[in-house]
Amino acid sequence: MVGLLKIIKTCWLKGVKYLTFSVLMLGVCHGVFASNLTVTLQGKLPTALKNNIYSHLGQLPKTELERSAYIYSAKSNTENALQSLGYYQADIQLSVEQTPWHLLIDITLNEPTIIDKINVEITGEASADPEFSHLIEHHIIQQGDTLHHGKYEDLKADILSLALQRGYFDGVLLDASITIKADYRFADIEIRYDSGFRYRFGEVNFSEFALEPALLSSLIPFESDTYYSTKAFHQLQQQLQSTKYFGSVMAVPGEKVVDEAKGEYNVPLEVTLTPAKSHQFDIGLGYATDTQFRLSASWRTPLLNRYGHFQETKFEYSELNPTGTFIYSIPLEHPTEDVLQLQASIENEDYADFTTKFYSAQIGRVITYNNWHRKIYTRYHQESWQYDLDESDPNIDWSQEDSVKYIIPGVFWSRTIRRGAALDPSHGFRQTYSIEGAHLAAGSDNSFFRVHGRWNYINTLKPNHRLVTRAEFGAIYIDRDAELAPSLRFYAGGDQSIRGFAYQSIGSTIPISSDPNEEQTIVVGGTRLFVASIEYQYYLNNKWRLALFSDGGSVANKGEYEPVYSFGSGLHYISPVGAVKFDVAYGIDDDDKNWRIHINLGAEL
């Protein structure tokens with residue numbers, strides 16, 4: 001019995017091995033037999049023709065049946081590929097070799113078909129539409145060109161697409177044809193399109209939502225009875241979404257309304273709105289060598305009542321610069337473009353040589369128009385600060401503790417234009433300006449007038465080569481006997497200023513001691529600011545780039561000019577939240593020279 005079991009086991013193992021070997025050999029043989037087909041195009045063929053032929057032939061076959069069909073249809077597919085690019089009289093010869101399978105397509109081209117006449121005719125209201133006139137005048141098909149069916153199809157598609165974008169919903173393509181003539185030497189193209197009437201926007205019907213109707217109406221970016229356009233339609237959606245009142249916005253064209261007797265053709269819009277979450281919270285963590293690690297938290301209530309009020313509270317903590325801000329916004333004419341803001345903030349700042357704390361309460365009107373963001377405001381500002389003076393023999397001209405109060409009216413405006421990715425734009429320009437001041441007769445402890453401007457410019461010179469420049473200018477006019485709060489003075493140095501120097505370490509100085517033999521000083525800022533920077537960036541790939549840069553400038557008081565310079569290089573990683581920059585800079589300040597590392601994360605505009 002035991003011997004019989006051994007015999008059965010042995011036979012079973014041999015059978016399994018034989019079956020496995022047979023399956024493997026069958027798979028290998030089938031793969032070689034069915035898939036080994038190569039294709040060669042022979043003849044003097046332009047690259048565009050070769051690519052088009054391969055595209056028409058399709059993917060190489062994987063089975064024996066597919067290979068037979070592939071070879072059978074190869075000639076007709078090649079003819080179609082050639083004719084689509086204007087070659088109607090080519091001589092095509094096919095030859096097939098086996099073991100291995102090889103398809104040779106030998107092509108002898110004749111003269112291509114030339115466009116003799118092209119007629120594009122637009123009738124209906126679109127005949128007077130400047131957009132259609134521009135399309136017809138600048139289309140890519142010209143008399144004398146080689147016939148290209150793809151360009152012909154593109155022109156038809158462009159006409160139909162533009163018609164839908166511009167509100168010609170009843171348009172009809174009356175004729176679209178290519179006539180080949182004179183032994184395939186010439187072709188005539190005829191396209192006739194009747195647009196019919198152009199539709200206008202009808203009523204915009206919003207779903208039930210707890211918001212004042214007048215406020216919703218202010219979000220419609222077009223007047224009633226305006227001609228329909230997809231651009232205006234998308235602007236409506238963007239306006240609604242930008243308010244952050246809504247969790248979702250769905251706008252669709254309604255059923256067309258036609259009154260032929262009055263010549264009225266309208267398309268109403270149906271807009272479905274759902275509310276956003278009542279409260280939104282965000283927590284973030286960042287790092288820069290200027291402020292070191294920073295923890296941020298924000299709380300936003302997007303809609304407090306039916307009048308569109310909303311609030312945002314922000315806290316940012318770092319060891320050098322903790323801040324807190326509360327903003328309450330009241331829409332006036334528009335929820336995002338015309339807003340009354342009430343703002344309160346508190347901030348501590350630990351400079352290299354002194355510390356300061358200030359409180360601020362502000363009321364202002366924020367208006368956005370044509371990409372310009374403008375804010376007119378008045379704020380109450382109270383600040384206290386303490387210098388790190390010589391404890392045993394302090395400078396008697398400057399007290400160790402100071403405090404000041406201001407009522408400051410001012411205006412701030414900015415504009416940002418960018419192209420490409422928001423966090424890593426290929427081109428962009430950001431400009432910001434501010435003018436503000438205070439007067440002793442208007443309730444402030446002293447008088448001053450302050451102007452400030454900053455410009456950031458980005459340009460991609462050619463692929464992988466990018467130029468980033470920035471400049472900053474500021475001036476403060478104040479009585480020399482008056483003391484200005486530190487947060488209102490100018491400083492330079494740090495990641496976003498002049499690299500190679502510590503954060504806000506550049507400015508006018510005062511001695512820390514009344515002892516004339518004591519030469520040590522502290523930085524107290526200045527009333528004149530000038531900073532400029534130029535940086536060349538080379539992209540190694542989509543994620544990494546190298547940088548070479550030079551920064552320079554001065555912060556001093558009126559009549560003084562004490563420039564410093566730096567140059568350096570960096571390695572930047574393009575992360576999903578902005579560029580992580582690791583820069584090494586060499587700072588030059590008269591005889592003092594030093595190296596400094598700067599690490600920063602964030603967008604450049």
# chains A, B, ... in the order shown; residues from 1 in each chain; ligands from 1
call {"tool": "select_by_dssp", "arguments": {"residues": "range 136-262 of chain A", "states": "strand (DSSP E or B)", "output": "JSON, numbers by chain"}}
result
{"A": [146, 172, 173, 174, 175, 176, 177, 178, 179, 180, 181, 186, 187, 188, 189, 190, 191, 192, 193, 194, 200, 201, 202, 203, 204, 205, 206, 227, 246, 247, 248, 249, 250, 251, 252, 253, 257, 258, 259]}
call {"tool": "write_last_selection", "arguments": {"atoms": "N, CA and C atoms", "output": "compact mmCIF listing (two decimals), in the first residue's frame"}}
result
# COMPACT_ATOMS: atom_id res chain seq x y z
N THR A 146 -1.19 74.34 -48.17
CA THR A 146 -1.49 72.93 -48.40
C THR A 146 -2.75 72.56 -47.63
N VAL A 172 -26.99 77.65 -37.00
CA VAL A 172 -26.98 76.46 -37.85
C VAL A 172 -25.82 76.55 -38.83
N LEU A 173 -25.07 75.44 -38.94
CA LEU A 173 -24.02 75.36 -39.94
C LEU A 173 -24.66 74.93 -41.26
N LEU A 174 -24.86 75.89 -42.16
CA LEU A 174 -25.59 75.62 -43.40
C LEU A 174 -24.77 74.79 -44.38
N ASP A 175 -23.50 75.03 -44.44
CA ASP A 175 -22.65 74.29 -45.38
C ASP A 175 -21.23 74.26 -44.84
N ALA A 176 -20.61 73.11 -44.96
CA ALA A 176 -19.20 72.94 -44.61
C ALA A 176 -18.65 71.85 -45.50
N SER A 177 -17.87 72.23 -46.49
CA SER A 177 -17.43 71.24 -47.47
C SER A 177 -16.07 71.59 -48.03
N ILE A 178 -15.39 70.54 -48.50
CA ILE A 178 -14.13 70.67 -49.23
C ILE A 178 -14.33 70.05 -50.60
N THR A 179 -14.08 70.81 -51.62
CA THR A 179 -14.23 70.32 -53.00
C THR A 179 -12.84 70.15 -53.61
N ILE A 180 -12.52 68.89 -53.96
CA ILE A 180 -11.24 68.60 -54.59
C ILE A 180 -11.43 68.67 -56.10
N LYS A 181 -10.53 69.36 -56.80
CA LYS A 181 -10.72 69.57 -58.24
C LYS A 181 -9.38 69.51 -58.97
N PHE A 186 -5.96 71.09 -56.65
CA PHE A 186 -6.51 72.23 -55.91
C PHE A 186 -7.77 71.82 -55.16
N ALA A 187 -8.10 72.65 -54.13
CA ALA A 187 -9.30 72.40 -53.33
C ALA A 187 -9.94 73.72 -52.97
N ASP A 188 -11.26 73.70 -52.91
CA ASP A 188 -12.04 74.86 -52.45
C ASP A 188 -12.70 74.52 -51.12
N ILE A 189 -12.67 75.48 -50.19
CA ILE A 189 -13.31 75.29 -48.88
C ILE A 189 -14.49 76.25 -48.77
N GLU A 190 -15.62 75.73 -48.37
CA GLU A 190 -16.84 76.53 -48.21
C GLU A 190 -17.41 76.28 -46.83
N ILE A 191 -17.56 77.36 -46.04
CA ILE A 191 -18.20 77.27 -44.72
C ILE A 191 -19.22 78.40 -44.62
N ARG A 192 -20.48 78.04 -44.41
CA ARG A 192 -21.53 79.05 -44.24
C ARG A 192 -22.27 78.76 -42.93
N TYR A 193 -22.32 79.79 -42.07
CA TYR A 193 -22.95 79.64 -40.75
C TYR A 193 -23.97 80.75 -40.54
N ASP A 194 -25.18 80.35 -40.17
CA ASP A 194 -26.25 81.30 -39.85
C ASP A 194 -26.44 81.29 -38.34
N ARG A 200 -30.00 87.23 -24.79
CA ARG A 200 -29.59 88.08 -23.67
C ARG A 200 -29.84 87.34 -22.35
N PHE A 201 -29.20 87.83 -21.29
CA PHE A 201 -29.46 87.28 -19.97
C PHE A 201 -30.88 87.65 -19.54
N GLY A 202 -31.60 86.67 -19.05
CA GLY A 202 -32.91 86.93 -18.47
C GLY A 202 -32.77 87.12 -16.97
N GLU A 203 -33.80 86.75 -16.24
CA GLU A 203 -33.78 86.89 -14.78
C GLU A 203 -32.80 85.89 -14.17
N VAL A 204 -32.16 86.30 -13.09
CA VAL A 204 -31.31 85.40 -12.30
C VAL A 204 -32.11 85.00 -11.07
N ASN A 205 -32.49 83.75 -11.00
CA ASN A 205 -33.35 83.25 -9.93
C ASN A 205 -32.51 82.47 -8.92
N PHE A 206 -32.44 82.99 -7.69
CA PHE A 206 -31.68 82.33 -6.63
C PHE A 206 -32.61 81.44 -5.81
N TYR A 227 -26.30 91.14 -23.27
CA TYR A 227 -26.06 90.00 -24.15
C TYR A 227 -25.38 88.88 -23.37
N PHE A 246 -21.29 80.68 0.88
CA PHE A 246 -21.97 79.49 0.39
C PHE A 246 -21.03 78.29 0.38
N GLY A 247 -21.60 77.14 0.76
CA GLY A 247 -20.83 75.90 0.69
C GLY A 247 -20.69 75.43 -0.73
N SER A 248 -21.73 75.63 -1.54
CA SER A 248 -21.66 75.28 -2.95
C SER A 248 -22.53 76.24 -3.75
N VAL A 249 -22.14 76.45 -4.99
CA VAL A 249 -22.87 77.31 -5.92
C VAL A 249 -23.06 76.54 -7.22
N MET A 250 -24.31 76.40 -7.64
CA MET A 250 -24.59 75.73 -8.91
C MET A 250 -25.48 76.63 -9.75
N ALA A 251 -24.92 77.15 -10.85
CA ALA A 251 -25.66 78.03 -11.75
C ALA A 251 -25.81 77.34 -13.10
N VAL A 252 -27.03 77.28 -13.61
CA VAL A 252 -27.30 76.65 -14.91
C VAL A 252 -28.24 77.53 -15.71
N PRO A 253 -28.08 77.57 -17.04
CA PRO A 253 -29.04 78.31 -17.88
C PRO A 253 -30.41 77.62 -17.82
N VAL A 257 -36.43 81.78 -23.35
CA VAL A 257 -37.69 82.52 -23.46
C VAL A 257 -37.64 83.34 -24.75
N VAL A 258 -38.55 83.06 -25.67
CA VAL A 258 -38.54 83.71 -26.98
C VAL A 258 -39.87 84.41 -27.23
N ASP A 259 -39.79 85.69 -27.59
CA ASP A 259 -40.97 86.45 -28.02
C ASP A 259 -40.60 87.06 -29.37
call {"tool": "residues_around", "arguments": {"residues": "Arg418 in chain A", "least_positions_apart": "6", "cutoff": "9 Å", "atoms": "only C-alpha atoms", "output": "list of chain:residue names"}}
result
A:Pro425, A:Ser426, A:His427, A:Gly428, A:Phe429, A:Arg430, A:Ile458, A:Leu605
call {"tool": "residues_around", "arguments": {"residues": "Ser133 in chain A", "least_positions_apart": "2", "cutoff": "12 Å", "atoms": "only C-alpha atoms", "output": "list in words"}}
result
Val120, Glu121, Ile122, Thr123, Glu125, Ala126, Ser127, Ala128, Asp129, Pro130, Glu131, Leu135, Ile136, Glu137, His138, His139, Ile159 and Leu162 of chain A
call {"tool": "atom_distance", "arguments": {"atom1": "CA of Glu312 in chain A", "atom2": "CA of Tyr328 in chain A"}}
result
6.7 Å
call {"tool": "residues_around", "arguments": {"residues": "range 527-540 of chain A", "least_positions_apart": "2", "cutoff": "6 Å", "atoms": "only C-alpha atoms", "output": "list in words"}}
result
Asn464, His465, Arg466, Leu467, Val468, Thr469, Arg470, Ala471, Glu472, Phe473, Gly474, Ala475, Ile476, Trp544, Arg545, Leu546, Ala547, Leu548, Phe549, Ser550, Asp551, Gly552, Gly553, Ser554, Val555, Ala556 and Asn557 of chain A
call {"tool": "residues_around", "arguments": {"residues": "Arg374 in chain A", "least_positions_apart": "4", "cutoff": "10 Å", "atoms": "only C-alpha atoms", "output": "list in words"}}
result
Glu337, Asp338, Arg365, Val366, Ile367, Thr368, Tyr369, Val411, Phe412, Trp413, Ser414, Arg415, Thr432, Tyr433 and Ser434 of chain A
call {"tool": "residues_around", "arguments": {"residues": "Val584 in chain A", "least_positions_apart": "6", "cutoff": "10 Å", "atoms": "only C-alpha atoms", "output": "PyMOL selection string"}}
result
chain A and resi 499-500+548-549+567-571+595-599
call {"tool": "closest_residue", "arguments": {"among": "A:His279, A:Ser229, A:Gly196, A:Gln496", "to": "Gly263 in chain A", "atoms": "only C-alpha atoms"}}
result
A:Gly196
call {"tool": "residues_around", "arguments": {"residues": "range 377-384 of chain A", "least_positions_apart": "3", "cutoff": "7 Å", "atoms": "only C-alpha atoms", "output": "list in words"}}
result
Thr356, Lys357, Phe358, Tyr359, Ser360, Ala361, Gln362, Ile363, Gly364, Arg365, Asp402, Ser403, Val404, Lys405, Tyr406, Ile407, Ile408, Pro409, Gly410, Val411 and Ala485 of chain A
call {"tool": "write_last_selection", "arguments": {"atoms": "C-alpha atoms", "output": "mmCIF file, in the first residue's frame"}}
result
data_model
loop_
_atom_site.group_PDB
_atom_site.id
_atom_site.type_symbol
_atom_site.label_atom_id
_atom_site.label_comp_id
_atom_site.auth_asym_id
_atom_site.auth_seq_id
_atom_site.Cartn_x
_atom_site.Cartn_y
_atom_site.Cartn_z
ATOM 1 C CA THR A 356 7.812 96.969 21.904
ATOM 2 C CA LYS A 357 4.109 96.304 22.359
ATOM 3 C CA PHE A 358 1.282 98.098 20.621
ATOM 4 C CA TYR A 359 -2.507 98.091 20.529
ATOM 5 C CA SER A 360 -4.490 99.308 17.555
ATOM 6 C CA ALA A 361 -8.180 99.923 16.820
ATOM 7 C CA GLN A 362 -9.139 100.795 13.257
ATOM 8 C CA ILE A 363 -12.137 101.610 11.106
ATOM 9 C CA GLY A 364 -11.765 101.604 7.354
ATOM 10 C CA ARG A 365 -13.485 101.145 4.029
ATOM 11 C CA ASP A 402 8.582 105.196 26.408
ATOM 12 C CA SER A 403 4.940 105.324 25.421
ATOM 13 C CA VAL A 404 3.035 107.221 22.757
ATOM 14 C CA LYS A 405 -0.493 107.523 21.362
ATOM 15 C CA TYR A 406 -1.633 108.453 17.845
ATOM 16 C CA ILE A 407 -4.782 108.970 15.834
ATOM 17 C CA ILE A 408 -3.666 108.051 12.319
ATOM 18 C CA PRO A 409 -5.691 108.545 9.126
ATOM 19 C CA GLY A 410 -4.278 106.897 6.033
ATOM 20 C CA VAL A 411 -4.776 105.157 2.711
ATOM 21 C CA ALA A 485 7.032 104.723 17.862
#
call {"tool": "closest_residue", "arguments": {"among": "A:Ile478, A:Asp106, A:Tyr228, A:Arg185", "to": "Arg166 in chain A", "atoms": "only C-alpha atoms"}}
result
A:Tyr228
call {"tool": "select_by_dssp", "arguments": {"residues": "range 107-224 of chain A", "states": "helix (DSSP H, G or I)", "output": "PyMOL selection string"}}
result
chain A and resi 125-128+130-137+149-165+213-217
call {"tool": "atom_distance", "arguments": {"atom1": "CA of Val580 in chain A", "atom2": "CA of Ala297 in chain A"}}
result
21.1 Å
